[in-house]
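To be precise, the following lines are final_11.txt, and they hold compact mmCIF, C-alpha atoms.
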```
# COMPACT_ATOMS: atom_id res chain seq x y z
CA MET B 134 0.00 0.00 0.00
CA ALA B 135 1.07 3.58 -0.69
CA THR B 136 1.22 6.72 1.43
CA ALA B 137 0.53 10.27 0.31
CA TYR B 138 1.73 13.45 1.95
CA ALA B 139 -0.66 16.19 0.90
CA ALA B 140 -0.28 19.89 1.64
CA LEU B 141 -3.42 21.98 1.49
CA ARG B 142 -3.44 25.66 2.36
CA ASN B 143 -3.85 25.18 6.13
CA ALA B 144 -2.96 21.56 6.82
CA VAL B 145 -0.62 18.72 5.97
CA LEU B 146 -2.48 15.45 5.54
CA THR B 147 -0.87 12.01 5.74
CA VAL B 148 -3.00 9.52 3.81
CA THR B 149 -1.97 5.91 4.48
CA GLY B 150 -3.40 2.68 3.10
CA LEU B 151 -3.71 3.87 -0.50
CA PRO B 152 -5.57 3.14 -2.61
CA ASP B 153 -8.07 0.73 -1.04
CA ASP B 154 -8.08 1.47 2.70
CA PRO B 155 -7.18 5.15 3.16
CA SER B 156 -6.76 6.74 6.56
CA VAL B 157 -6.16 10.48 6.98
CA THR B 158 -4.31 12.33 9.75
CA GLU B 159 -3.72 16.08 9.98
CA GLN B 160 -0.68 18.06 11.14
CA LEU B 161 0.51 21.69 11.21
CA ALA B 162 -3.04 23.02 10.95
CA ASP B 163 -2.04 26.47 12.24
CA HIS B 164 0.34 27.19 9.38
CA ASP B 165 0.10 28.43 5.80
CA MET B 166 1.51 25.59 3.67
CA GLU B 167 3.48 26.02 0.47
CA CYS B 168 5.14 22.68 -0.35
CA VAL B 169 5.87 19.16 0.86
CA LEU B 170 8.72 16.74 0.14
CA ALA B 171 9.45 13.08 0.79
CA HIS B 172 11.85 10.67 -0.92
CA PRO B 173 11.14 7.00 -1.76
CA ASP B 174 14.49 6.00 -0.24
CA ALA B 175 13.65 7.73 3.06
CA PRO B 176 9.84 7.57 3.21
CA GLU B 177 9.58 8.39 6.92
CA ARG B 178 11.33 11.74 6.43
CA VAL B 179 8.91 14.51 5.46
CA LEU B 180 9.70 18.19 4.94
CA VAL B 181 7.09 20.93 4.76
CA GLY B 182 7.66 24.51 3.68
CA THR B 183 5.36 27.17 5.11
CA TYR B 184 4.70 30.78 4.17
CA ASN B 185 4.51 32.06 7.73
CA ASP B 186 6.94 29.97 9.79
CA GLY B 187 9.77 28.50 7.74
CA LEU B 188 10.66 24.85 7.30
CA TYR B 189 9.41 21.83 9.26
CA ARG B 190 10.84 18.31 9.27
CA SER B 191 9.50 14.93 10.41
CA THR B 192 11.44 11.68 10.73
CA ASP B 193 8.48 9.49 11.69
CA GLY B 194 6.20 9.68 8.68
CA GLY B 195 4.53 12.95 9.62
CA GLU B 196 3.47 12.09 13.17
CA ARG B 197 5.64 14.84 14.68
CA PHE B 198 7.32 17.84 13.08
CA GLU B 199 10.16 20.03 14.29
CA ARG B 200 11.13 23.40 12.91
CA VAL B 201 14.42 23.58 10.98
CA GLU B 202 16.39 26.79 10.93
CA LEU B 203 16.58 28.68 7.62
CA PRO B 204 17.37 32.38 7.13
CA GLU B 205 14.04 32.94 5.34
CA ARG B 206 10.62 32.20 6.86
CA ARG B 207 8.81 31.86 3.53
CA VAL B 208 9.77 28.44 2.14
CA MET B 209 8.03 28.12 -1.22
CA SER B 210 9.59 25.02 -2.81
CA LEU B 211 11.45 21.82 -1.95
CA ALA B 212 13.24 19.24 -4.08
CA ALA B 213 15.47 16.19 -3.73
CA ASN B 214 18.15 14.42 -5.72
CA PRO B 215 16.30 11.41 -7.20
CA ALA B 216 19.35 9.22 -6.51
CA ASP B 217 20.33 10.58 -3.08
CA ALA B 218 17.74 11.09 -0.35
CA ASP B 219 20.15 13.21 1.69
CA GLU B 220 20.68 15.91 -0.96
CA LEU B 221 17.78 18.33 -0.68
CA TRP B 222 16.96 21.80 -1.98
CA ALA B 223 14.79 24.64 -0.68
CA GLY B 224 13.63 27.80 -2.43
CA THR B 225 12.32 30.85 -0.59
CA GLU B 226 10.72 34.27 -0.86
CA PRO B 227 12.57 36.51 -1.56
CA SER B 228 14.30 34.31 -4.12
CA ARG B 229 17.13 32.33 -2.55
CA VAL B 230 18.22 28.70 -3.00
CA PHE B 231 19.54 26.52 -0.16
CA ARG B 232 21.10 23.04 -0.26
CA SER B 233 21.27 20.31 2.38
CA THR B 234 23.47 17.23 2.22
CA ASP B 235 22.28 15.67 5.50
CA GLY B 236 18.61 15.06 4.82
CA GLY B 237 17.44 18.53 5.78
CA ARG B 238 19.04 18.94 9.21
CA THR B 239 21.32 21.79 8.08
CA TRP B 240 21.30 24.09 5.06
CA GLU B 241 23.72 26.26 3.10
CA GLU B 242 22.81 28.96 0.61
CA ARG B 243 23.82 28.76 -3.04
CA PRO B 244 24.34 32.50 -3.59
CA GLY B 245 24.31 34.62 -6.72
CA LEU B 246 20.76 33.94 -7.89
CA THR B 247 19.63 37.55 -7.71
CA ASP B 248 22.82 38.78 -9.38
CA LEU B 249 21.39 37.62 -12.71
CA PRO B 250 20.68 40.44 -15.20
CA SER B 251 16.91 40.00 -15.22
CA ALA B 252 16.48 39.94 -11.42
CA GLY B 253 15.35 43.56 -11.36
CA GLU B 254 12.37 42.52 -13.50
CA TRP B 255 11.21 39.67 -11.27
CA TYR B 256 7.98 40.23 -9.38
CA PHE B 257 5.07 38.26 -7.92
CA PRO B 258 1.89 40.10 -8.97
CA PRO B 259 -0.07 39.71 -5.66
CA ARG B 260 2.99 41.06 -3.82
CA PRO B 261 4.72 43.03 -6.59
CA ASP B 262 7.59 44.17 -4.41
CA THR B 263 8.94 40.62 -4.13
CA HIS B 264 9.36 37.30 -5.96
CA HIS B 265 10.15 33.72 -5.03
CA VAL B 266 11.48 30.34 -6.09
CA ARG B 267 8.27 28.55 -7.00
CA TRP B 268 9.92 25.27 -8.13
CA LEU B 269 13.22 23.39 -7.95
CA GLU B 270 14.04 20.30 -10.01
CA GLN B 271 17.30 18.31 -9.93
CA ASP B 272 17.99 16.36 -13.10
CA PRO B 273 17.98 12.54 -12.68
CA ALA B 274 20.39 12.03 -15.58
CA ASP B 275 22.86 14.70 -14.49
CA PRO B 276 22.47 15.74 -10.82
CA ASP B 277 24.79 18.70 -11.33
CA ARG B 278 21.94 20.28 -13.30
CA LEU B 279 19.32 22.23 -11.39
CA TYR B 280 16.23 23.89 -12.86
CA VAL B 281 14.71 26.82 -10.95
CA GLY B 282 11.36 28.45 -11.65
CA ILE B 283 11.13 32.05 -10.46
CA GLU B 284 7.61 33.35 -9.91
CA ALA B 285 7.56 35.45 -11.84
CA GLY B 286 10.31 36.40 -14.23
CA ALA B 287 12.67 33.64 -15.31
CA LEU B 288 13.67 30.05 -15.70
CA VAL B 289 17.11 29.75 -14.13
CA LEU B 290 19.59 26.95 -14.81
CA SER B 291 22.68 25.67 -13.05
CA GLU B 292 25.14 23.10 -14.41
CA ASP B 293 27.20 22.87 -11.21
CA ARG B 294 24.73 22.31 -8.37
CA GLY B 295 24.04 25.99 -7.85
CA ARG B 296 27.56 27.33 -7.78
CA THR B 297 26.81 29.42 -10.88
CA TRP B 298 23.57 30.37 -12.63
CA SER B 299 22.29 31.20 -16.10
CA GLU B 300 18.83 32.38 -17.07
CA ARG B 301 16.08 32.69 -19.65
CA PRO B 302 17.18 30.14 -22.27
CA PRO B 303 15.48 30.54 -25.66
CA GLY B 304 11.77 29.75 -25.56
CA SER B 305 11.60 29.27 -21.79
CA ARG B 306 8.56 30.45 -19.89
CA ARG B 307 8.70 33.43 -17.53
CA ASP B 308 6.13 32.22 -14.98
CA ASN B 309 7.08 28.60 -14.28
CA HIS B 310 4.85 27.06 -11.61
CA SER B 311 6.11 23.48 -11.73
CA LEU B 312 8.82 21.56 -13.55
CA ALA B 313 9.36 17.85 -14.08
CA THR B 314 11.99 15.51 -15.51
CA HIS B 315 11.93 11.84 -16.48
CA PRO B 316 14.60 9.16 -15.85
CA ASP B 317 13.85 7.47 -19.19
CA ALA B 318 14.23 10.66 -21.23
CA PRO B 319 17.64 12.22 -20.51
CA GLY B 320 17.53 15.94 -21.21
CA ARG B 321 13.74 16.16 -21.07
CA VAL B 322 12.26 18.94 -18.92
CA TYR B 323 8.56 19.79 -18.68
CA SER B 324 7.13 23.13 -17.53
CA ALA B 325 3.64 24.11 -16.41
CA ALA B 326 3.64 27.89 -16.39
CA GLY B 327 1.26 30.78 -16.08
CA ASP B 328 2.17 31.70 -19.64
CA GLY B 329 1.56 28.17 -20.97
CA TYR B 330 3.09 24.72 -21.27
CA ALA B 331 6.65 24.17 -22.50
CA MET B 332 9.05 21.28 -23.02
CA SER B 333 12.79 20.93 -23.56
CA ASP B 334 14.78 17.96 -24.85
CA ASP B 335 18.25 19.44 -24.36
CA TYR B 336 18.49 19.94 -20.59
CA GLY B 337 16.63 23.24 -20.73
CA ALA B 338 18.85 24.92 -23.30
CA THR B 339 15.96 25.49 -25.75
CA TRP B 340 12.20 25.11 -25.40
CA GLU B 341 9.16 24.25 -27.50
CA HIS B 342 5.49 25.04 -26.84
CA PRO B 343 3.14 22.19 -27.87
CA GLN B 344 -0.16 23.93 -27.13
CA SER B 345 -2.63 22.48 -29.62
CA GLY B 346 -5.83 21.45 -27.83
CA LEU B 347 -4.82 23.15 -24.59
CA GLU B 348 -7.74 25.54 -24.26
CA HIS B 349 -6.82 26.76 -20.77
CA ARG B 350 -3.22 27.91 -20.64
CA TYR B 351 -2.65 29.09 -17.10
CA CYS B 352 -0.86 25.85 -16.23
CA TRP B 353 -0.06 24.84 -12.67
CA SER B 354 1.03 21.21 -12.19
CA VAL B 355 2.73 18.82 -14.61
CA SER B 356 3.30 15.08 -14.20
CA PRO B 357 4.62 12.66 -16.85
CA ASP B 358 3.74 8.98 -16.77
CA PRO B 359 6.58 7.07 -15.06
CA ALA B 360 6.40 4.38 -17.78
CA ASP B 361 6.17 6.75 -20.76
CA PRO B 362 7.85 10.16 -20.90
CA ASP B 363 5.68 11.08 -23.89
CA THR B 364 2.44 10.82 -21.91
CA VAL B 365 1.90 13.89 -19.75
CA LEU B 366 -0.82 15.31 -17.50
CA VAL B 367 -1.13 19.01 -16.70
CA SER B 368 -3.60 20.99 -14.60
CA SER B 369 -4.69 24.37 -15.87
CA ALA B 370 -7.25 27.15 -15.88
CA SER B 371 -8.01 30.24 -17.95
CA GLY B 372 -6.19 32.50 -15.50
CA ALA B 373 -4.95 32.96 -11.96
CA ARG B 374 -8.31 34.02 -10.54
CA SER B 375 -10.20 30.95 -11.77
CA ALA B 376 -7.31 28.68 -10.75
CA HIS B 377 -6.84 29.83 -7.17
CA SER B 378 -10.13 31.27 -5.90
CA GLN B 379 -13.86 30.97 -6.26
CA PRO B 380 -15.67 31.05 -8.58
CA ALA B 381 -13.05 28.57 -9.78
CA GLU B 382 -12.88 26.60 -13.01
CA SER B 383 -9.96 24.21 -13.44
CA TYR B 384 -9.08 21.30 -15.70
CA VAL B 385 -6.70 18.39 -16.12
CA TYR B 386 -5.40 17.79 -19.64
CA ARG B 387 -3.64 14.79 -21.14
CA ARG B 388 -1.18 14.60 -24.05
CA GLU B 389 0.20 11.43 -25.60
CA GLY B 390 3.13 11.41 -28.01
CA GLU B 391 2.92 14.16 -30.63
CA GLY B 392 -0.86 14.38 -30.35
CA ASN B 393 -3.05 17.23 -29.20
CA TRP B 394 -3.95 17.92 -25.62
CA GLU B 395 -7.29 16.48 -24.53
CA LYS B 396 -9.33 17.17 -21.42
CA ALA B 397 -8.90 14.38 -18.85
CA MET B 398 -11.75 15.08 -16.45
CA ALA B 399 -13.68 11.79 -16.41
CA GLY B 400 -14.31 11.03 -12.73
CA LEU B 401 -12.92 14.32 -11.42
CA PRO B 402 -15.14 16.96 -9.82
CA GLY B 403 -15.79 20.21 -11.65
CA PRO B 404 -14.48 21.86 -13.70
CA GLU B 405 -16.83 24.49 -12.28
CA GLY B 406 -15.89 25.22 -8.67
CA LEU B 407 -12.70 23.15 -8.81
CA LEU B 408 -9.48 24.82 -7.66
CA ARG B 409 -6.45 23.80 -9.73
CA PRO B 410 -5.24 20.29 -8.79
CA VAL B 411 -1.70 19.27 -7.90
CA LEU B 412 -0.56 16.06 -9.61
CA ASP B 413 1.93 13.34 -8.70
CA SER B 414 2.81 9.99 -10.24
CA ALA B 415 2.83 6.71 -8.35
CA GLY B 416 3.63 4.04 -10.95
CA PRO B 417 3.14 3.10 -14.60
CA GLY B 418 -0.10 4.74 -15.70
CA GLU B 419 -0.89 5.65 -12.08
CA GLN B 420 -1.29 9.27 -11.06
CA TYR B 421 -2.93 11.09 -8.16
CA ALA B 422 -4.65 14.48 -8.18
CA LEU B 423 -4.91 16.49 -4.97
CA THR B 424 -7.87 18.87 -4.96
CA ASP B 425 -9.94 20.87 -2.51
CA ARG B 426 -12.64 18.20 -2.94
CA GLY B 427 -10.41 15.22 -2.11
CA LEU B 428 -7.75 12.92 -3.49
CA PHE B 429 -8.33 11.20 -6.85
CA ARG B 430 -6.48 8.43 -8.69
CA THR B 431 -6.05 7.25 -12.27
CA THR B 432 -4.55 3.94 -13.39
CA ASP B 433 -4.85 4.64 -17.11
CA SER B 434 -2.78 7.82 -17.44
CA GLY B 435 -5.70 10.17 -16.96
CA ARG B 436 -8.31 8.61 -19.21
CA SER B 437 -10.47 8.07 -16.13
CA TRP B 438 -10.29 8.94 -12.44
CA SER B 439 -11.78 7.55 -9.25
CA SER B 440 -12.17 9.09 -5.83
CA VAL B 441 -9.77 7.81 -3.15
CA VAL B 442 -10.70 10.18 -0.32
CA GLU B 443 -13.41 12.83 -0.30
CA TRP B 444 -13.22 15.20 2.62
CA GLY B 445 -15.15 17.89 4.34
CA GLY B 446 -13.48 20.83 6.03
CA TYR B 447 -10.95 21.48 3.27
CA GLU B 448 -13.26 22.83 0.58
CA ASN B 449 -11.83 25.92 -1.08
CA GLN B 450 -8.36 25.21 0.30
CA THR B 451 -5.91 25.24 -2.57
CA ALA B 452 -3.69 22.21 -3.01
CA ARG B 453 -0.08 23.22 -2.35
CA GLY B 454 1.90 19.99 -2.71
CA LEU B 455 1.60 16.23 -3.10
CA VAL B 456 4.01 13.31 -2.76
CA VAL B 457 2.89 9.71 -3.22
CA LEU B 458 5.27 6.95 -2.13
```
Take the structure in the file and give it back as structure tokens.
Amino acid sequence: MATAYAALRNAVLTVTGLPDDPSVTEQLADHDMECVLAHPDAPERVLVGTYNDGLYRSTDGGERFERVELPERRVMSLAANPADADELWAGTEPSRVFRSTDGGRTWEERPGLTDLPSAGEWYFPPRPDTHHVRWLEQDPADPDRLYVGIEAGALVLSEDRGRTWSERPPGSRRDNHSLATHPDAPGRVYSAAGDGYAMSDDYGATWEHPQSGLEHRYCWSVSPDPADPDTVLVSSASGARSAHSQPAESYVYRREGEGNWEKAMAGLPGPEGLLRPVLDSAGPGEQYALTDRGLFRTTDSGRSWSSVVEWGGYENQTARGLVVL
């Protein structure tokens, strides 16, 4: 059986016994969540980034959390080396990147991010005097490579684990919300961005924009099929307002190979009233979607979905992060 760590706006939920006998427990209910991280090689270790109180860490599968010291209190993103559960990354607001090599006990900044030429143009529209690291992704084929999504303003790359940075490669999106890679497609990077979907096949050096059929292009979460890097799910809406607040209208789309995007909503609630889902993969053809209505699962790469857990008390809470192990 699988376990999911799900971050909603005001709670972290541990869902055990997936998919057939789910049980839900709640932690950190007094905090404003931003992200959650767990690694398959260290499944009892859970890290949670909050907007109001920094970074929290559990070593017992989410039963107890302790605060971890970071210079910034607003921890917006977390990532891990796919091959090394002890190498972790954290992104903050204002935009800074930190690295841990001991499983999140201690952290060291990778400086120089805001020395990039475009940094003066970065801004987060709801708080236009600041910006943040919305997503971090370490490449499974080349762990020296790090992809950083700044909300909003730039895609930033590093080829040396954050010692130096470059920015805005040709065709890259400016408002990257989530990024993904795939172990079976070296060089492949996927982006779900506020200015549309994008994909790279050369480690982020250049980008293409396969948009045909994608009617709603404010993209939030992207998740490729673990068994097929050419099959991808993305959640999206027509704009930020309909994605994040009521009256909401959000969708999940599916793309296979070189085909067009198609809506993949069979079995999901909405789209009317649905806040944008967060997606995560769990196995070949198997994906989960975290929503304000509950947790949903597909075993056919998004062709159909079924409810795993439907909950009360979390309606209208945006999904902030999901890890299924």
Name all residues at most 7 Å from Tyr184 of chain B (count all atoms listed in the file; drop same-chain ones fewer than 3 positions away) and give them as a compact mmCIF listing (two decimals) with C-alpha atoms, keeping the file's coordinate frame.
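Below is the file that was written, selection-v1.txt:
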```txt
# COMPACT_ATOMS: atom_id res chain seq x y z
CA ASP B 165 0.10 28.43 5.80
CA MET B 166 1.51 25.59 3.67
CA GLU B 167 3.48 26.02 0.47
CA GLY B 187 9.77 28.50 7.74
CA ARG B 206 10.62 32.20 6.86
CA ARG B 207 8.81 31.86 3.53
CA VAL B 208 9.77 28.44 2.14
CA MET B 209 8.03 28.12 -1.22
```
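The interatomic distance for the pair atom CA of Met134 of chain B and atom CA of Asp413 of chain B works out to 16.0 Å.
Counting all atoms listed in the file, the residue from B:Tyr189, B:Trp353, B:Trp438, B:Tyr336 that sits nearest to Asp275 of chain B is B:Tyr336.
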Pick out the residues sitting within 6 Å of Val367 of chain B, and hand them over as a PyMOL selection string; count all atoms listed in the file, and ignore anything fewer than 4 positions along from it in its own chain.
chain B and resi 354-355+385-386
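Taking all atoms listed in the file into account, Val456 of chain B lies nearest to B:Ala415 out of the set B:Ala415, B:Arg197, B:Ser440, B:Glu405.
Comparing the minimum interatomic distances between Glu177 of chain B and each of B:Ala137, B:Val157, B:Gly295, B:Pro215, counting all atoms listed in the file, we find that B:Ala137 sits nearest.
Here atom CA of Ala318 of chain B stands at a distance of 8.5 Å from atom CA of Ala274 of chain B.
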Would you list the residues near (14.3, 22.4, -1.5), meaning any protein, DNA or RNA residue with an atom at most 8 Å from that point in file coordinates, counting only C-alpha atoms, as an MDAnalysis selection string?
chainID B and resid 210:213 221:224 230:232 269
Keeping only C-alpha atoms, take the residues you just selected and write them out as a PDB file, keeping the file's coordinate frame.
```pdb
ATOM      1  CA  SER B 210       9.590  25.020  -2.810  1.00  0.00           C
ATOM      2  CA  LEU B 211      11.450  21.820  -1.950  1.00  0.00           C
ATOM      3  CA  ALA B 212      13.240  19.240  -4.080  1.00  0.00           C
ATOM      4  CA  ALA B 213      15.470  16.190  -3.730  1.00  0.00           C
ATOM      5  CA  LEU B 221      17.780  18.330  -0.680  1.00  0.00           C
ATOM      6  CA  TRP B 222      16.960  21.800  -1.980  1.00  0.00           C
ATOM      7  CA  ALA B 223      14.790  24.640  -0.680  1.00  0.00           C
ATOM      8  CA  GLY B 224      13.630  27.800  -2.430  1.00  0.00           C
ATOM      9  CA  VAL B 230      18.220  28.700  -3.000  1.00  0.00           C
ATOM     10  CA  PHE B 231      19.540  26.520  -0.160  1.00  0.00           C
ATOM     11  CA  ARG B 232      21.100  23.040  -0.260  1.00  0.00           C
ATOM     12  CA  LEU B 269      13.220  23.390  -7.950  1.00  0.00           C
TER      13      LEU B 269
END
```
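Around segment 321-326 of chain B, within 6 Å and counting only C-alpha atoms, the residues found are B:Asp308, B:Asn309, B:His310, B:Ser311, B:Leu312, B:Ala313, B:Thr314, B:Ala318, B:Pro319, B:Asp328, B:Gly329, B:Tyr330, B:Ala331, B:Met332, B:Ser333, B:Asp334, B:Cys352, B:Trp353, B:Ser354, B:Val355, once anything fewer than 2 positions away on its own chain is removed.
With atom CA of Glu448 of chain B on one side and atom CA of Leu170 of chain B on the other, the separation reads 22.8 Å.
For Ser345 of chain B, the residues within 7 Å (counting all atoms listed in the file, excluding itself and residues fewer than 2 positions away along the chain) are Pro343, Leu347, Asn393 and Trp394 of chain B.
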5 Å per side around segment 205-211 of chain B: axis-aligned box centre and edge lengths, as AutoDock Vina command-line options:
```
--center_x 11.0 --center_y 27.4 --center_z 2.0 --size_x 16.0 --size_y 21.1 --size_z 19.7
```
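Comparing B:Ser233, B:Ser299, B:Ser369, B:Ser356 by their smallest distance to Glu419 of chain B, the closest is B:Ser356 (using all atoms listed in the file).
Minimum distance to Gly390 of chain B across B:Thr432, B:Asp361, B:Ala422, B:Ala287 (counting all atoms listed in the file) occurs at B:Asp361.
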Quick one: residues within 10 Å of Pro357 of chain B, only C-alpha atoms counted, chain neighbours fewer than 2 positions away excluded, as a PyMOL selection string?
chain B and resi 313-315+323+355+359-367+387-389+412-414+417-418+420+434
